[in-house]
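Engineer: To be precise about what I am sending: the file is called upload16.tsv and holds TSV, C-alpha atoms.
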chain	number	residue	atom	x	y	z
V	1134	MET	CA	0.00	0.00	0.00
V	1135	VAL	CA	2.75	2.28	0.84
V	1136	ARG	CA	4.47	1.34	-2.42
V	1137	ALA	CA	1.33	2.05	-4.34
V	1138	ILE	CA	1.01	5.40	-2.81
V	1139	ALA	CA	4.62	6.11	-3.44
V	1140	TRP	CA	4.36	5.08	-7.14
V	1141	MET	CA	1.36	7.18	-7.60
V	1142	ALA	CA	3.16	9.98	-5.94
V	1143	ILE	CA	6.05	9.49	-8.32
V	1144	VAL	CA	3.68	9.27	-11.23
V	1145	CYS	CA	1.88	12.32	-10.15
V	1146	GLY	CA	5.10	14.07	-9.61
V	1147	SER	CA	6.21	13.08	-13.03
V	1148	PHE	CA	2.97	14.22	-14.47
V	1149	LEU	CA	3.29	17.50	-12.74
V	1150	LEU	CA	6.82	17.82	-13.99
V	1151	LEU	CA	5.78	16.97	-17.51
V	1152	CYS	CA	2.92	19.31	-17.30
V	1153	GLN	CA	5.19	21.97	-16.01
V	1154	ILE	CA	7.68	21.29	-18.72
V	1155	SER	CA	4.93	21.23	-21.31
V	1156	SER	CA	3.58	24.43	-19.87
V	1157	ASN	CA	6.98	25.99	-19.98
V	1158	ALA	CA	7.47	24.77	-23.51
V	1159	ALA	CA	4.13	26.13	-24.49
V	1160	ASN	CA	4.98	29.43	-22.91
V	1161	SER	CA	8.35	29.60	-24.69
V	1162	LEU	CA	7.13	28.49	-28.22
V	1163	PRO	CA	5.70	31.83	-29.40
V	1164	THR	CA	8.88	33.65	-28.51
V	1165	ASN	CA	11.09	31.28	-30.57
V	1166	ALA	CA	8.75	31.42	-33.62
V	1167	SER	CA	8.80	35.21	-33.60
V	1168	GLU	CA	12.55	35.22	-33.41
V	1169	GLN	CA	12.77	32.72	-36.27
V	1170	SER	CA	10.38	34.84	-38.41
V	1171	ILE	CA	12.50	37.94	-37.85
V	1172	THR	CA	15.66	36.04	-38.68
V	1173	GLY	CA	14.18	34.69	-41.98
V	1174	TYR	CA	13.06	38.15	-43.13
V	1175	GLY	CA	16.53	39.60	-42.54
V	1176	PHE	CA	18.07	36.78	-44.52
V	1177	GLU	CA	15.71	37.41	-47.42
V	1178	VAL	CA	16.50	41.13	-47.35
V	1179	MET	CA	20.19	40.37	-47.33
V	1180	MET	CA	19.80	37.96	-50.25
V	1181	ALA	CA	17.78	40.53	-52.18
V	1182	LYS	CA	20.47	43.13	-51.65
V	1183	LEU	CA	23.10	40.69	-52.75
V	1184	ASP	CA	21.10	39.94	-55.89
V	1185	TYR	CA	20.74	43.68	-56.55
V	1186	LEU	CA	24.46	44.21	-56.04
V	1187	GLN	CA	25.20	41.32	-58.39
V	1188	TYR	CA	22.84	42.85	-61.01
V	1189	LYS	CA	24.53	46.24	-60.68
V	1190	LEU	CA	27.95	44.67	-61.03
V	1191	HIS	CA	26.80	42.87	-64.16
V	1192	GLU	CA	25.31	46.09	-65.55
V	1193	MET	CA	28.52	47.98	-64.80
V	1194	GLU	CA	30.50	45.27	-66.53
V	1195	LEU	CA	28.34	45.56	-69.67
V	1196	GLY	CA	28.63	49.36	-69.63
V	1197	ARG	CA	32.40	49.11	-69.32
V	1198	LYS	CA	32.55	46.73	-72.28
V	1199	GLU	CA	30.39	49.07	-74.39
V	1200	ARG	CA	32.58	52.06	-73.52
V	1201	ASP	CA	35.69	50.04	-74.35
V	1202	GLU	CA	34.21	49.18	-77.75
V	1203	GLU	CA	33.27	52.83	-78.41
V	1204	VAL	CA	36.74	53.98	-77.45
V	1205	THR	CA	38.29	51.34	-79.70
V	1206	GLU	CA	36.04	52.38	-82.62
V	1207	LYS	CA	36.80	56.07	-82.13
V	1208	LEU	CA	40.50	55.34	-81.99
V	1209	ALA	CA	40.22	53.42	-85.26
V	1210	LYS	CA	38.34	56.32	-86.91
V	1211	LEU	CA	40.88	58.78	-85.58
V	1212	GLU	CA	43.66	56.67	-87.00
V	1213	ASN	CA	41.90	56.56	-90.39
V	1214	SER	CA	41.40	60.34	-90.27
V	1215	LEU	CA	45.05	60.88	-89.48
V	1216	THR	CA	45.95	58.64	-92.41
V	1217	GLY	CA	43.65	60.66	-94.71
V	1218	VAL	CA	45.10	63.95	-93.47
V	1219	GLN	CA	48.59	62.64	-94.08
V	1220	TRP	CA	47.60	61.57	-97.62
V	1221	ALA	CA	46.04	64.98	-98.29
V	1222	ILE	CA	49.16	66.74	-97.05
V	1223	ASN	CA	51.32	64.60	-99.34
V	1224	ARG	CA	48.95	65.29	-102.27
V	1225	LEU	CA	49.05	69.03	-101.61
V	1226	ASP	CA	52.83	68.96	-101.48
V	1227	ARG	CA	52.92	67.12	-104.80
V	1228	ASP	CA	50.37	69.47	-106.42
V	1229	ALA	CA	52.19	72.50	-105.10
V	1230	GLY	CA	55.41	71.24	-106.64
V	1231	TYR	CA	53.65	70.57	-109.97
V	1232	ASN	CA	51.97	73.99	-109.94
V	1233	LEU	CA	55.26	75.66	-109.25
V	1234	THR	CA	56.77	73.81	-112.19
V	1235	VAL	CA	53.91	74.83	-114.49
V	1236	LEU	CA	54.06	78.42	-113.24
V	1237	SER	CA	57.76	78.52	-113.92
V	1238	ALA	CA	57.24	77.16	-117.46
V	1239	GLN	CA	54.46	79.68	-118.11
V	1240	SER	CA	56.65	82.48	-116.83
V	1241	ARG	CA	59.44	81.47	-119.19
V	1242	LYS	CA	56.95	81.28	-122.05
V	1243	MET	CA	55.58	84.74	-121.24
V	1244	MET	CA	59.07	86.14	-121.10
V	1245	ALA	CA	59.82	84.62	-124.50
V	1246	GLN	CA	56.62	86.10	-125.93
V	1247	GLN	CA	57.41	89.51	-124.50
V	1248	THR	CA	60.88	89.32	-125.99
V	1249	ALA	CA	59.40	88.38	-129.38
V	1250	CYS	CA	56.89	91.22	-129.12
V	1251	ALA	CA	59.67	93.66	-128.31
V	1252	ASN	CA	61.65	92.45	-131.31
V	1253	HIS	CA	58.66	92.96	-133.63
V	1254	GLU	CA	57.55	96.30	-132.18
V	1255	GLN	CA	59.28	98.24	-134.92
V	1256	MET	CA	57.59	96.13	-137.59
V	1257	ARG	CA	54.21	96.79	-136.02
V	1258	LYS	CA	54.86	100.52	-136.01
V	1259	GLU	CA	55.77	100.44	-139.67
V	1260	ILE	CA	52.65	98.43	-140.52
V	1261	ALA	CA	50.47	100.81	-138.53
V	1262	GLN	CA	52.05	103.82	-140.19
V	1263	LEU	CA	51.62	102.24	-143.60
V	1264	ALA	CA	47.96	101.43	-142.85
V	1265	SER	CA	47.26	104.95	-141.58
V	1266	ASN	CA	48.82	106.48	-144.66
V	1267	THR	CA	46.97	104.16	-147.06
V	1268	THR	CA	43.75	105.79	-148.21
V	1269	ASP	CA	43.45	104.24	-151.61
V	1270	HIS	CA	43.74	100.50	-152.06
V	1271	ALA	CA	44.70	100.84	-155.73
V	1272	LYS	CA	47.59	103.18	-154.85
V	1273	TYR	CA	48.78	100.75	-152.21
V	1274	LEU	CA	48.72	97.85	-154.67
V	1275	ASN	CA	50.70	99.90	-157.15
V	1276	TRP	CA	53.23	100.70	-154.43
V	1277	TYR	CA	53.48	97.03	-153.52
V	1278	LYS	CA	54.02	95.99	-157.15
V	1279	GLN	CA	56.65	98.71	-157.54
V	1280	GLN	CA	58.50	97.40	-154.50
V	1281	GLN	CA	58.42	93.88	-155.90
V	1282	LEU	CA	59.74	95.10	-159.28
V	1283	GLU	CA	62.58	96.99	-157.63
V	1284	ILE	CA	63.55	94.00	-155.53
V	1285	ALA	CA	63.38	91.69	-158.55
V	1286	GLN	CA	65.54	94.12	-160.57
V	1287	LEU	CA	68.01	94.36	-157.74
V	1288	SER	CA	68.15	90.59	-157.61
V	1289	SER	CA	68.75	90.30	-161.39
V	1290	ASN	CA	71.59	92.89	-161.28
V	1291	THR	CA	73.39	91.10	-158.47
V	1292	THR	CA	76.50	89.32	-159.76
V	1293	GLU	CA	77.55	85.98	-158.52
V	1294	SER	CA	79.92	86.12	-155.64
V	1295	ALA	CA	80.88	84.29	-152.51
V	1296	ASN	CA	78.05	86.05	-150.65
V	1297	GLU	CA	75.37	85.16	-153.21
V	1298	THR	CA	73.77	82.54	-150.94
V	1299	ASN	CA	73.45	85.02	-148.08
V	1300	TRP	CA	72.07	87.65	-150.42
V	1301	GLN	CA	69.41	85.29	-151.76
V	1302	ALA	CA	68.43	84.37	-148.21
V	1303	GLN	CA	68.16	88.05	-147.26
V	1304	LEU	CA	66.18	88.75	-150.41
V	1305	THR	CA	63.75	85.93	-149.62
V	1306	SER	CA	63.34	87.29	-146.09
V	1307	VAL	CA	62.60	90.78	-147.44
V	1308	LEU	CA	60.04	89.41	-149.91
V	1309	GLU	CA	58.32	87.46	-147.14
V	1310	MET	CA	58.24	90.58	-144.98
V	1311	VAL	CA	56.76	92.66	-147.79
V	1312	GLN	CA	54.15	89.97	-148.44
V	1313	SER	CA	53.27	89.88	-144.74
V	1314	ILE	CA	52.97	93.65	-144.65
V	1315	SER	CA	50.80	93.49	-147.76
V	1316	ASN	CA	48.43	90.94	-146.29
V	1317	THR	CA	48.21	92.69	-142.93
V	1318	THR	CA	47.71	96.12	-144.45
V	1319	SER	CA	45.10	94.74	-146.82
V	1320	LEU	CA	43.12	93.39	-143.88
V	1321	ILE	CA	43.53	96.63	-141.94
V	1322	TRP	CA	42.43	98.64	-144.97
V	1323	GLN	CA	39.53	96.27	-145.54
V	1324	TRP	CA	38.13	96.73	-142.01
V	1325	LYS	CA	39.24	100.24	-141.16
V	1326	THR	CA	36.66	102.24	-143.10
V	1327	PRO	CA	33.20	100.87	-144.00
V	1328	PHE	CA	32.13	100.88	-147.64
V	1329	LYS	CA	28.89	102.40	-148.84
V	1330	SER	CA	28.22	99.31	-150.95
V	1331	CYS	CA	29.90	96.19	-152.24
V	1332	LYS	CA	30.78	98.05	-155.45
V	1333	GLU	CA	33.36	100.04	-153.47
V	1334	ALA	CA	34.93	96.91	-151.97
V	1335	PRO	CA	38.15	95.55	-153.54
V	1336	THR	CA	37.41	93.95	-156.87
V	1337	GLY	CA	38.10	90.29	-157.45
V	1338	LYS	CA	38.14	89.45	-153.74
V	1339	SER	CA	34.87	88.07	-152.41
V	1340	GLY	CA	34.44	88.06	-148.64
V	1341	VAL	CA	32.93	89.73	-145.61
V	1342	TYR	CA	33.14	93.55	-145.53
V	1343	ARG	CA	31.71	96.32	-143.39
V	1344	ILE	CA	28.94	98.28	-145.11
V	1345	GLN	CA	27.55	101.66	-143.99
V	1346	LEU	CA	24.69	102.86	-146.10
V	1347	ALA	CA	24.61	106.41	-144.67
V	1348	ALA	CA	26.61	108.52	-142.23
V	1349	ASN	CA	23.75	108.50	-139.70
V	1350	GLN	CA	23.43	104.69	-139.80
V	1351	LEU	CA	25.48	102.06	-138.03
V	1352	PRO	CA	27.74	99.87	-140.20
V	1353	PHE	CA	27.03	96.16	-140.54
V	1354	GLU	CA	28.86	93.16	-141.95
V	1355	ALA	CA	27.89	91.67	-145.31
V	1356	PHE	CA	29.28	89.14	-147.77
V	1357	CYS	CA	30.24	90.77	-151.07
V	1358	GLU	CA	30.42	88.62	-154.20
V	1359	GLN	CA	33.12	90.15	-156.39
V	1360	ASN	CA	33.50	87.52	-159.10
V	1361	SER	CA	30.05	86.84	-160.60
V	1362	PHE	CA	28.47	89.26	-163.08
V	1363	GLY	CA	31.22	91.84	-162.69
V	1364	GLY	CA	31.24	91.86	-158.89
V	1365	GLY	CA	29.74	94.36	-156.46
V	1366	TRP	CA	26.88	92.09	-155.35
V	1367	LEU	CA	25.73	91.91	-151.71
V	1368	VAL	CA	24.59	88.36	-150.91
V	1369	ILE	CA	21.29	88.17	-149.01
V	1370	GLN	CA	21.01	84.37	-148.90
V	1371	TYR	CA	23.52	81.57	-149.33
V	1372	ARG	CA	22.68	77.85	-149.18
V	1373	PHE	CA	24.97	75.16	-150.48
V	1374	ASN	CA	25.14	72.14	-148.14
V	1375	GLY	CA	21.85	72.12	-146.21
V	1376	PHE	CA	23.52	72.08	-142.78
V	1377	LEU	CA	21.72	75.25	-141.65
V	1378	ASP	CA	18.02	74.97	-140.78
V	1379	PHE	CA	16.02	77.60	-142.69
V	1380	ASN	CA	12.69	76.64	-141.11
V	1381	ARG	CA	12.79	79.64	-138.75
V	1382	ASN	CA	10.30	82.01	-137.14
V	1383	TRP	CA	9.43	85.59	-138.06
V	1384	THR	CA	11.92	87.25	-135.69
V	1385	GLU	CA	14.85	85.24	-137.02
V	1386	TYR	CA	14.00	86.07	-140.65
V	1387	GLU	CA	13.62	89.72	-139.72
V	1388	ASN	CA	17.00	89.96	-137.99
V	1389	GLY	CA	18.92	87.38	-140.02
V	1390	PHE	CA	20.68	84.17	-138.98
V	1391	GLY	CA	23.60	81.90	-139.86
V	1392	ASN	CA	27.29	82.59	-140.51
V	1393	LEU	CA	28.33	85.01	-143.26
V	1394	ASN	CA	31.22	82.69	-144.15
V	1395	GLN	CA	28.91	79.67	-144.37
V	1396	GLU	CA	25.15	79.39	-144.96
V	1397	PHE	CA	23.08	82.40	-143.88
V	1398	TRP	CA	20.04	84.62	-144.34
V	1399	PHE	CA	20.89	88.34	-144.34
V	1400	GLY	CA	17.72	89.67	-142.66
V	1401	LEU	CA	14.54	91.34	-143.92
V	1402	GLU	CA	15.14	94.65	-142.15
V	1403	LYS	CA	18.58	95.11	-143.69
V	1404	ILE	CA	17.25	94.06	-147.11
V	1405	HIS	CA	14.57	96.73	-146.74
V	1406	GLN	CA	17.18	99.36	-145.83
V	1407	LEU	CA	19.37	98.35	-148.77
V	1408	THR	CA	16.64	98.41	-151.40
V	1409	THR	CA	15.10	101.70	-150.22
V	1410	GLN	CA	18.46	103.51	-149.97
V	1411	LYS	CA	19.10	103.27	-153.74
V	1412	PRO	CA	17.86	101.17	-156.69
V	1413	HIS	CA	19.01	97.55	-156.61
V	1414	GLU	CA	18.99	94.59	-158.94
V	1415	LEU	CA	18.48	90.98	-157.91
V	1416	ILE	CA	20.32	87.88	-159.14
V	1417	VAL	CA	19.35	84.36	-158.11
V	1418	GLU	CA	22.04	81.75	-158.86
V	1419	LEU	CA	21.20	78.04	-158.75
V	1420	LYS	CA	23.34	74.94	-159.07
V	1421	ASP	CA	22.12	71.38	-158.58
V	1422	PHE	CA	24.03	68.30	-157.44
V	1423	SER	CA	24.92	67.58	-161.07
V	1424	GLN	CA	26.65	70.97	-161.22
V	1425	ILE	CA	24.06	72.30	-163.67
V	1426	TYR	CA	24.06	76.09	-163.28
V	1427	LYS	CA	21.11	78.46	-163.89
V	1428	TYR	CA	20.36	82.02	-162.93
V	1429	ALA	CA	17.60	84.62	-162.91
V	1430	ARG	CA	18.27	88.38	-163.04
V	1431	TYR	CA	15.78	91.16	-162.29
V	1432	LYS	CA	16.46	94.80	-163.08
V	1433	GLU	CA	14.60	96.10	-160.02
V	1434	PHE	CA	14.17	94.78	-156.50
V	1435	LEU	CA	12.43	96.60	-153.65
V	1436	VAL	CA	11.16	95.27	-150.30
V	1437	GLY	CA	8.78	97.16	-147.96
V	1438	ASN	CA	9.14	97.79	-144.24
V	1439	SER	CA	8.09	95.76	-141.23
V	1440	ASN	CA	4.68	97.44	-140.96
V	1441	GLU	CA	4.02	96.32	-144.53
V	1442	GLN	CA	5.25	92.84	-143.60
V	1443	TYR	CA	8.19	93.32	-145.98
V	1444	VAL	CA	6.00	93.24	-149.05
V	1445	LEU	CA	7.73	92.59	-152.40
V	1446	LYS	CA	7.04	95.98	-153.93
V	1447	LYS	CA	9.10	95.87	-157.12
V	1448	VAL	CA	10.42	93.13	-159.37
V	1449	GLY	CA	11.98	94.40	-162.59
V	1450	SER	CA	12.32	92.79	-165.99
V	1451	TYR	CA	13.63	89.25	-166.06
V	1452	SER	CA	16.58	87.71	-167.88
V	1453	GLY	CA	18.35	84.41	-167.37
V	1454	THR	CA	18.04	80.64	-167.65
V	1455	ALA	CA	16.24	79.63	-164.42
V	1456	GLY	CA	12.77	80.82	-165.43
V	1457	ASP	CA	10.77	83.79	-164.17
V	1458	SER	CA	8.94	82.65	-161.04
V	1459	LEU	CA	9.30	85.82	-158.96
V	1460	GLN	CA	6.94	87.98	-161.02
V	1461	TYR	CA	4.01	86.00	-159.63
V	1462	GLU	CA	5.01	86.98	-156.08
V	1463	LYS	CA	5.07	90.72	-156.79
V	1464	GLY	CA	2.91	92.55	-154.20
V	1465	GLY	CA	3.07	89.55	-151.88
V	1466	LYS	CA	3.93	89.82	-148.20
V	1467	PHE	CA	6.66	87.78	-146.58
V	1468	TYR	CA	5.48	85.00	-144.30
V	1469	THR	CA	7.05	82.34	-142.09
V	1470	LYS	CA	5.91	79.28	-140.19
V	1471	ASP	CA	4.55	81.40	-137.33
V	1472	ARG	CA	3.07	84.29	-139.36
V	1473	ASP	CA	1.21	84.16	-142.66
V	1474	SER	CA	0.68	86.95	-145.17
V	1475	SER	CA	-2.22	88.34	-143.12
V	1476	GLY	CA	0.02	88.77	-140.08
V	1477	VAL	CA	-1.36	85.89	-138.01
V	1478	ALA	CA	0.22	82.61	-136.95
V	1479	SER	CA	0.61	79.98	-139.63
V	1480	SER	CA	1.51	76.30	-139.70
V	1481	GLY	CA	3.38	76.59	-143.01
V	1482	GLN	CA	6.95	75.45	-143.49
V	1483	GLY	CA	9.89	77.55	-144.63
V	1484	GLU	CA	9.53	81.11	-145.91
V	1485	CYS	CA	8.53	83.03	-149.04
V	1486	PHE	CA	6.50	85.89	-150.42
V	1487	ASN	CA	2.85	85.09	-150.82
V	1488	ASN	CA	0.53	87.10	-153.06
V	1489	LYS	CA	-3.00	86.32	-151.80
Just dump the structure as structure tokens.

Structural biologist:
Amino acid sequence: MVRAIAWMAIVCGSFLLLCQISSNAANSLPTNASEQSITGYGFEVMMAKLDYLQYKLHEMELGRKERDEEVTEKLAKLENSLTGVQWAINRLDRDAGYNLTVLSAQSRKMMAQQTACANHEQMRKEIAQLASNTTDHAKYLNWYKQQQLEIAQLSSNTTESANETNWQAQLTSVLEMVQSISNTTSLIWQWKTPFKSCKEAPTGKSGVYRIQLAANQLPFEAFCEQNSFGGGWLVIQYRFNGFLDFNRNWTEYENGFGNLNQEFWFGLEKIHQLTTQKPHELIVELKDFSQIYKYARYKEFLVGNSNEQYVLKKVGSYSGTAGDSLQYEKGGKFYTKDRDSSGVASSGQGECFNNK
């Protein structure tokens, strides 16, 4: 009985101890859980910061690599630029040397030309004096022929000697100089003073001369035919190869077009001034590809003014071999592709007088 009571007492004591321990454990459990929760949160925060720091380090590493690449690229471009600048400097040095060489050559050439001009200054003065003193072309030609005769006579009277070769060379040089003076003076005389008509121009020499119809009018250039029908003819139209387009408008036919040394049309206004200044004849010369020649000559030729649309006022009596086709156009007005005989636009081709 005593043992039973004692066992129970031990059991009860154990129970109480367990209960106490359990109670103590129960009382201490919330405190440990709270501490563990706080500790886990701090760890997560620390890990998050570590992750952030790792991300930043990675980002900084990428930025450093990009900057290194940019620096490398800029250095390469700078190196290329320096190479280009060096090439340009070398090119400029080479060009400067070449330009200096060319400039030196040009300077020597100019000096040679100036020396030649100085040597021929006296000849120019003599030519100018001869041109200023020449007022009559016929007198000048007579003087030139007289000089040639005297030189030829001097040459024929020269006896043979040891210096004959030198004399002939000097004589040839003098003849060449006289010929040069003749040609130059002829050109100067030809252009110095305008002629009143082609009849006053040098005979036997067809070409372009300056014509001044009256003192109060400006001179103009014209081609004078000096070989056909006795010479003295002013050419108003010349066509021989078809290279020049004659399908022109009214303004071009009024003012004239082409080259006086090639194919050309003289101009309606100048033709009007010519034919109203004094009586004129008209000759039309034709030659086909077979070299068959024909002509038509009219004793009178008069063209009206611009207000009259350059009407063909007079056509004199006909003579020749080409046939009289101009009499039918007498009284007709001139018309072109952009203006007919009534003064309005036209779609016709070419040009002619039309008597409607």

Engineer: Give me the residues within 6 Å of stretch 1444-1456 of chain V as a ChimeraX atom specification, counting all atoms listed in the file and dropping any in the same chain fewer than 3 places off.

Structural biologist: /V:1427-1437,1441,1463-1466

Engineer: Just how far from atom CA of V:Phe1328 is atom CA of V:Glu1387, in Å to one decimal?

Structural biologist: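 Those two atoms sit 23.0 Å apart.
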
Engineer: So how many Å separate atom CA of V:Tyr1371 and atom CA of V:Glu1358, to one decimal?

Structural biologist: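 It comes out at 11.0 Å.
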
Engineer: Could you tell me which of V:Ala1229, V:Val1368, V:Leu1211, V:Leu1415 comes closest to V:Gly1400 if we count only C-alpha atoms?

Structural biologist: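 Among the listed residues, the smallest separation from V:Gly1400 belongs to V:Val1368.
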
Engineer: Report, in Å to a single decimal, how far apart atom CA of V:Leu1419 and atom CA of V:Asp1457 are.

Structural biologist: 13.1 Å

Engineer: Tell me, as a PyMOL selection string, which residues lie within 10 Å of V:Glu1402, counting all atoms listed in the file; anything in the same chain fewer than 2 positions away does not count.

Structural biologist: chain V and resi 1386-1389+1399-1400+1404-1407+1436-1439+1443
